[in-house]
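Data first, discussion second: the structure below is written as structure tokens.
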Amino acid sequence: QRCLAVRVLPDRVLVFPVAAGASWQQEAGPAVFQRGGLAFHEDVEQSPGLGTPFALGAHSPLRLHHIQDIAFLHGYHQPTAVCLGQSKPAYGGCLNEANQCTSSVLVFMLDLTDRSPHLIWAMHRLPHDIFQIVPLLPPLGGMLALCSNAVIYMKEHAASFCQTLNLCAGLGEELTKLKGVEVKDETKLEIVLSGCAASALSPTTILFSIQPSGRLYLAHLVLESFDIVADIVWTSPGTAVPASGICTL
């Protein structure tokens, strides 16, 4: 089973099942002189390969105020997504008690037959400034949750940890309130992830492009076992044009 998920509104995700037997590597139609890619919707003789979509709402069934990011995780037999959202609105620059620990991460299996999600595991009361989820490649699996001043490693059936990246991570008490999450102090790195672009290059290497300097960083995952991450070591290969997004093949 395969599907495509698109965040179309702050409170809604559309899931497009891939039609049974459909191939995305078909001829794109008579107007295109190369093979590969999705067929055009205008070509009635070529199936686009996508079934009728169904919607996942932030309020129901996910019980979130709004959705910030969604991605698919590796290592599961069924389509399994991770959703980053806020349980209530958070306002930047306001560190009062009501504005802290508002982020939640939900991991759920998508049942394409029932057209509904089934929760596998979740983490709540996470820092309000988490803005992106980076899925880790197999055989590791799991994910990195990117905050402005820290990064959090999370995985089902593994110990989570948070690595602080600059002195601003000590403002407020959000990180000290993380339950069952070890906090590793690497504030000497002075890395700010706000607005960065990130992508996994290999199971143990993540590439970051930092805004606005364009400084490139490689996050090397130090393994405790063959599929458990124990720490992160950062190196910088140089500087390039600041990237708004990174994709890998």
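Numbering starts fresh at 1 for the residues of each chain in the structure tokens, the chains themselves are lettered A, B, ... in the order given, and ligands are numbered from 1 as they appear.
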Any idea what's packed within 8 Å of A:Gln86, counting only C-alpha atoms, ignoring anything in its chain fewer than 3 positions away? Could you give it as number ranges by chain?
-> A: 64-68, 89-90, 102-104, 128
Taking 6 positions as the minimum chain separation for residues in the same chain, which residues sit within 8 Å of stretch 218-228 of chain A when counting only C-alpha atoms? Answer as a PDB file with N, CA, C and O atoms, in the first residue's frame.
ATOM      1  N   PRO A 139      18.574   1.655   8.045  1.00  0.00           N
ATOM      2  CA  PRO A 139      17.841   0.866   9.044  1.00  0.00           C
ATOM      3  C   PRO A 139      17.589   1.584  10.371  1.00  0.00           C
ATOM      4  O   PRO A 139      17.034   0.976  11.281  1.00  0.00           O
ATOM      5  N   LEU A 140      17.981   2.870  10.491  1.00  0.00           N
ATOM      6  CA  LEU A 140      17.799   3.563  11.769  1.00  0.00           C
ATOM      7  C   LEU A 140      16.329   3.824  12.064  1.00  0.00           C
ATOM      8  O   LEU A 140      15.808   3.426  13.095  1.00  0.00           O
ATOM      9  N   GLY A 141      15.630   4.528  11.173  1.00  0.00           N
ATOM     10  CA  GLY A 141      14.270   4.942  11.460  1.00  0.00           C
ATOM     11  C   GLY A 141      14.254   6.004  12.544  1.00  0.00           C
ATOM     12  O   GLY A 141      15.286   6.527  12.967  1.00  0.00           O
ATOM     13  N   ALA A 158      12.824   3.484  21.822  1.00  0.00           N
ATOM     14  CA  ALA A 158      14.205   3.948  22.016  1.00  0.00           C
ATOM     15  C   ALA A 158      14.183   5.178  22.905  1.00  0.00           C
ATOM     16  O   ALA A 158      13.185   5.909  22.958  1.00  0.00           O
ATOM     17  N   THR A 204      23.116   7.892   8.651  1.00  0.00           N
ATOM     18  CA  THR A 204      23.775   8.514   9.799  1.00  0.00           C
ATOM     19  C   THR A 204      24.264   9.933   9.530  1.00  0.00           C
ATOM     20  O   THR A 204      25.007  10.482  10.341  1.00  0.00           O
ATOM     21  N   THR A 205      23.850  10.547   8.433  1.00  0.00           N
ATOM     22  CA  THR A 205      24.327  11.898   8.103  1.00  0.00           C
ATOM     23  C   THR A 205      23.168  12.755   7.619  1.00  0.00           C
ATOM     24  O   THR A 205      22.453  12.374   6.688  1.00  0.00           O
ATOM     25  N   ILE A 206      22.997  13.927   8.242  1.00  0.00           N
ATOM     26  CA  ILE A 206      21.954  14.882   7.864  1.00  0.00           C
ATOM     27  C   ILE A 206      22.649  16.173   7.436  1.00  0.00           C
ATOM     28  O   ILE A 206      23.538  16.676   8.133  1.00  0.00           O
ATOM     29  N   LEU A 207      22.228  16.712   6.290  1.00  0.00           N
ATOM     30  CA  LEU A 207      22.779  17.972   5.786  1.00  0.00           C
ATOM     31  C   LEU A 207      21.854  19.123   6.169  1.00  0.00           C
ATOM     32  O   LEU A 207      20.648  19.054   5.988  1.00  0.00           O
ATOM     33  N   PHE A 208      22.466  20.215   6.695  1.00  0.00           N
ATOM     34  CA  PHE A 208      21.730  21.417   7.071  1.00  0.00           C
ATOM     35  C   PHE A 208      22.298  22.613   6.318  1.00  0.00           C
ATOM     36  O   PHE A 208      23.521  22.753   6.190  1.00  0.00           O
ATOM     37  N   TRP A 234      28.592  17.436  15.123  1.00  0.00           N
ATOM     38  CA  TRP A 234      28.392  18.405  14.045  1.00  0.00           C
ATOM     39  C   TRP A 234      29.720  18.808  13.433  1.00  0.00           C
ATOM     40  O   TRP A 234      30.691  19.089  14.141  1.00  0.00           O
ATOM     41  N   THR A 235      29.755  18.833  12.094  1.00  0.00           N
ATOM     42  CA  THR A 235      30.906  19.367  11.366  1.00  0.00           C
ATOM     43  C   THR A 235      30.392  20.323  10.298  1.00  0.00           C
ATOM     44  O   THR A 235      29.228  20.245   9.876  1.00  0.00           O
ATOM     45  N   SER A 236      31.262  21.232   9.842  1.00  0.00           N
ATOM     46  CA  SER A 236      30.865  22.190   8.813  1.00  0.00           C
ATOM     47  C   SER A 236      31.828  22.099   7.638  1.00  0.00           C
ATOM     48  O   SER A 236      33.007  22.438   7.775  1.00  0.00           O
ATOM     49  N   PRO A 237      31.333  21.657   6.458  1.00  0.00           N
ATOM     50  CA  PRO A 237      32.214  21.554   5.295  1.00  0.00           C
ATOM     51  C   PRO A 237      32.437  22.872   4.579  1.00  0.00           C
ATOM     52  O   PRO A 237      33.290  22.962   3.704  1.00  0.00           O
TER      53      PRO A 237
END
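Residues in contact range of A:Lys184, defined as at most 9 Å between only C-alpha atoms, with sequence neighbours fewer than 2 positions away removed, read Phe161, Cys162, Gln163, Thr164, Glu182, Glu186 and Asp231 of chain A.
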Would you save the residues from that selection as a PDB file, in the first residue's frame, using N, CA and C atoms?
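And here's result-v1.pdb as it stands now:
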ATOM      1  N   PHE A 161      16.468  11.932  23.221  1.00  0.00           N
ATOM      2  CA  PHE A 161      17.344  12.917  23.846  1.00  0.00           C
ATOM      3  C   PHE A 161      17.234  14.228  23.092  1.00  0.00           C
ATOM      4  N   CYS A 162      17.604  15.297  23.788  1.00  0.00           N
ATOM      5  CA  CYS A 162      17.592  16.647  23.216  1.00  0.00           C
ATOM      6  C   CYS A 162      19.012  17.196  23.274  1.00  0.00           C
ATOM      7  N   GLN A 163      19.455  17.795  22.186  1.00  0.00           N
ATOM      8  CA  GLN A 163      20.780  18.413  22.147  1.00  0.00           C
ATOM      9  C   GLN A 163      20.607  19.920  21.943  1.00  0.00           C
ATOM     10  N   THR A 164      21.041  20.700  22.923  1.00  0.00           N
ATOM     11  CA  THR A 164      20.957  22.152  22.807  1.00  0.00           C
ATOM     12  C   THR A 164      22.120  22.658  21.964  1.00  0.00           C
ATOM     13  N   GLU A 182      16.709  12.994  27.914  1.00  0.00           N
ATOM     14  CA  GLU A 182      17.997  13.509  28.374  1.00  0.00           C
ATOM     15  C   GLU A 182      18.367  14.744  27.560  1.00  0.00           C
ATOM     16  N   GLU A 186      25.287  21.233  24.178  1.00  0.00           N
ATOM     17  CA  GLU A 186      26.259  21.542  23.135  1.00  0.00           C
ATOM     18  C   GLU A 186      26.106  23.006  22.697  1.00  0.00           C
ATOM     19  N   ASP A 231      24.079   9.988  20.169  1.00  0.00           N
ATOM     20  CA  ASP A 231      24.567  11.367  20.214  1.00  0.00           C
ATOM     21  C   ASP A 231      24.666  11.903  18.783  1.00  0.00           C
TER      22      ASP A 231
END
Coordinates-based distance that separates atom CA of A:Pro127 from atom CA of A:Gln100 (Å, one decimal) |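 Rounded to one decimal, the two atoms are 6.4 Å apart.
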Close residues, A:Ser60 itself excluded, 12 Å, only C-alpha atoms, min 2 positions apart in chain, as a PyMOL selection string = chain A and resi 11-13+55-58+62-67+116-117
Given the choices A:Cys3, A:Met143, A:Cys196, A:Leu201, which gets closest to A:Met109 if the distance is worked out from only C-alpha atoms?
->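 Checking each of A:Cys3, A:Met143, A:Cys196, A:Leu201 against A:Met109, counting only C-alpha atoms, the winner is A:Cys3.
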Secondary structure check, helix (DSSP H, G or I) residues of stretch 68-195 of chain A, as a list in words | Glu97, Ala98, Asn99, Leu167, Cys168, Ala169, Gly170, Leu175, Thr176, Lys177, Thr187, Lys188 and Leu189 of chain A
Could you save the residues just selected, with N, CA, C and O atoms, as a compact mmCIF listing (two decimals), in the first residue's frame?
# COMPACT_ATOMS: atom_id res chain seq x y z
N GLU A 97 4.13 30.98 30.85
CA GLU A 97 3.81 29.59 31.11
C GLU A 97 2.80 29.03 30.11
O GLU A 97 2.93 27.90 29.62
N ALA A 98 1.80 29.82 29.76
CA ALA A 98 0.74 29.35 28.88
C ALA A 98 1.23 29.13 27.45
O ALA A 98 0.58 28.44 26.67
N ASN A 99 2.37 29.72 27.11
CA ASN A 99 2.86 29.66 25.75
C ASN A 99 3.95 28.61 25.55
O ASN A 99 4.52 28.50 24.48
N LEU A 167 23.15 29.22 23.31
CA LEU A 167 22.80 29.66 24.66
C LEU A 167 21.34 30.04 24.80
O LEU A 167 20.79 30.01 25.91
N CYS A 168 20.68 30.40 23.70
CA CYS A 168 19.27 30.77 23.77
C CYS A 168 18.39 29.59 24.15
O CYS A 168 17.23 29.77 24.56
N ALA A 169 18.91 28.38 24.02
CA ALA A 169 18.13 27.20 24.41
C ALA A 169 17.84 27.20 25.90
O ALA A 169 16.89 26.53 26.35
N GLY A 170 18.63 27.96 26.68
CA GLY A 170 18.42 28.01 28.12
C GLY A 170 17.36 28.99 28.55
O GLY A 170 17.01 29.05 29.74
N LEU A 175 12.81 23.00 27.95
CA LEU A 175 13.65 21.81 27.79
C LEU A 175 13.81 21.05 29.10
O LEU A 175 13.94 19.83 29.11
N THR A 176 13.79 21.76 30.22
CA THR A 176 13.90 21.08 31.51
C THR A 176 12.62 20.34 31.87
O THR A 176 12.62 19.47 32.74
N LYS A 177 11.52 20.66 31.19
CA LYS A 177 10.24 20.01 31.47
C LYS A 177 10.01 18.79 30.61
O LYS A 177 8.97 18.13 30.74
N THR A 187 25.83 23.87 23.69
CA THR A 187 25.60 25.28 23.39
C THR A 187 26.84 25.96 22.82
O THR A 187 26.72 27.01 22.18
N LYS A 188 28.00 25.36 23.02
CA LYS A 188 29.24 25.94 22.48
C LYS A 188 29.25 25.96 20.96
O LYS A 188 30.02 26.71 20.34
N LEU A 189 28.38 25.17 20.33
CA LEU A 189 28.34 25.13 18.86
C LEU A 189 27.80 26.43 18.27
O LEU A 189 28.13 26.77 17.13
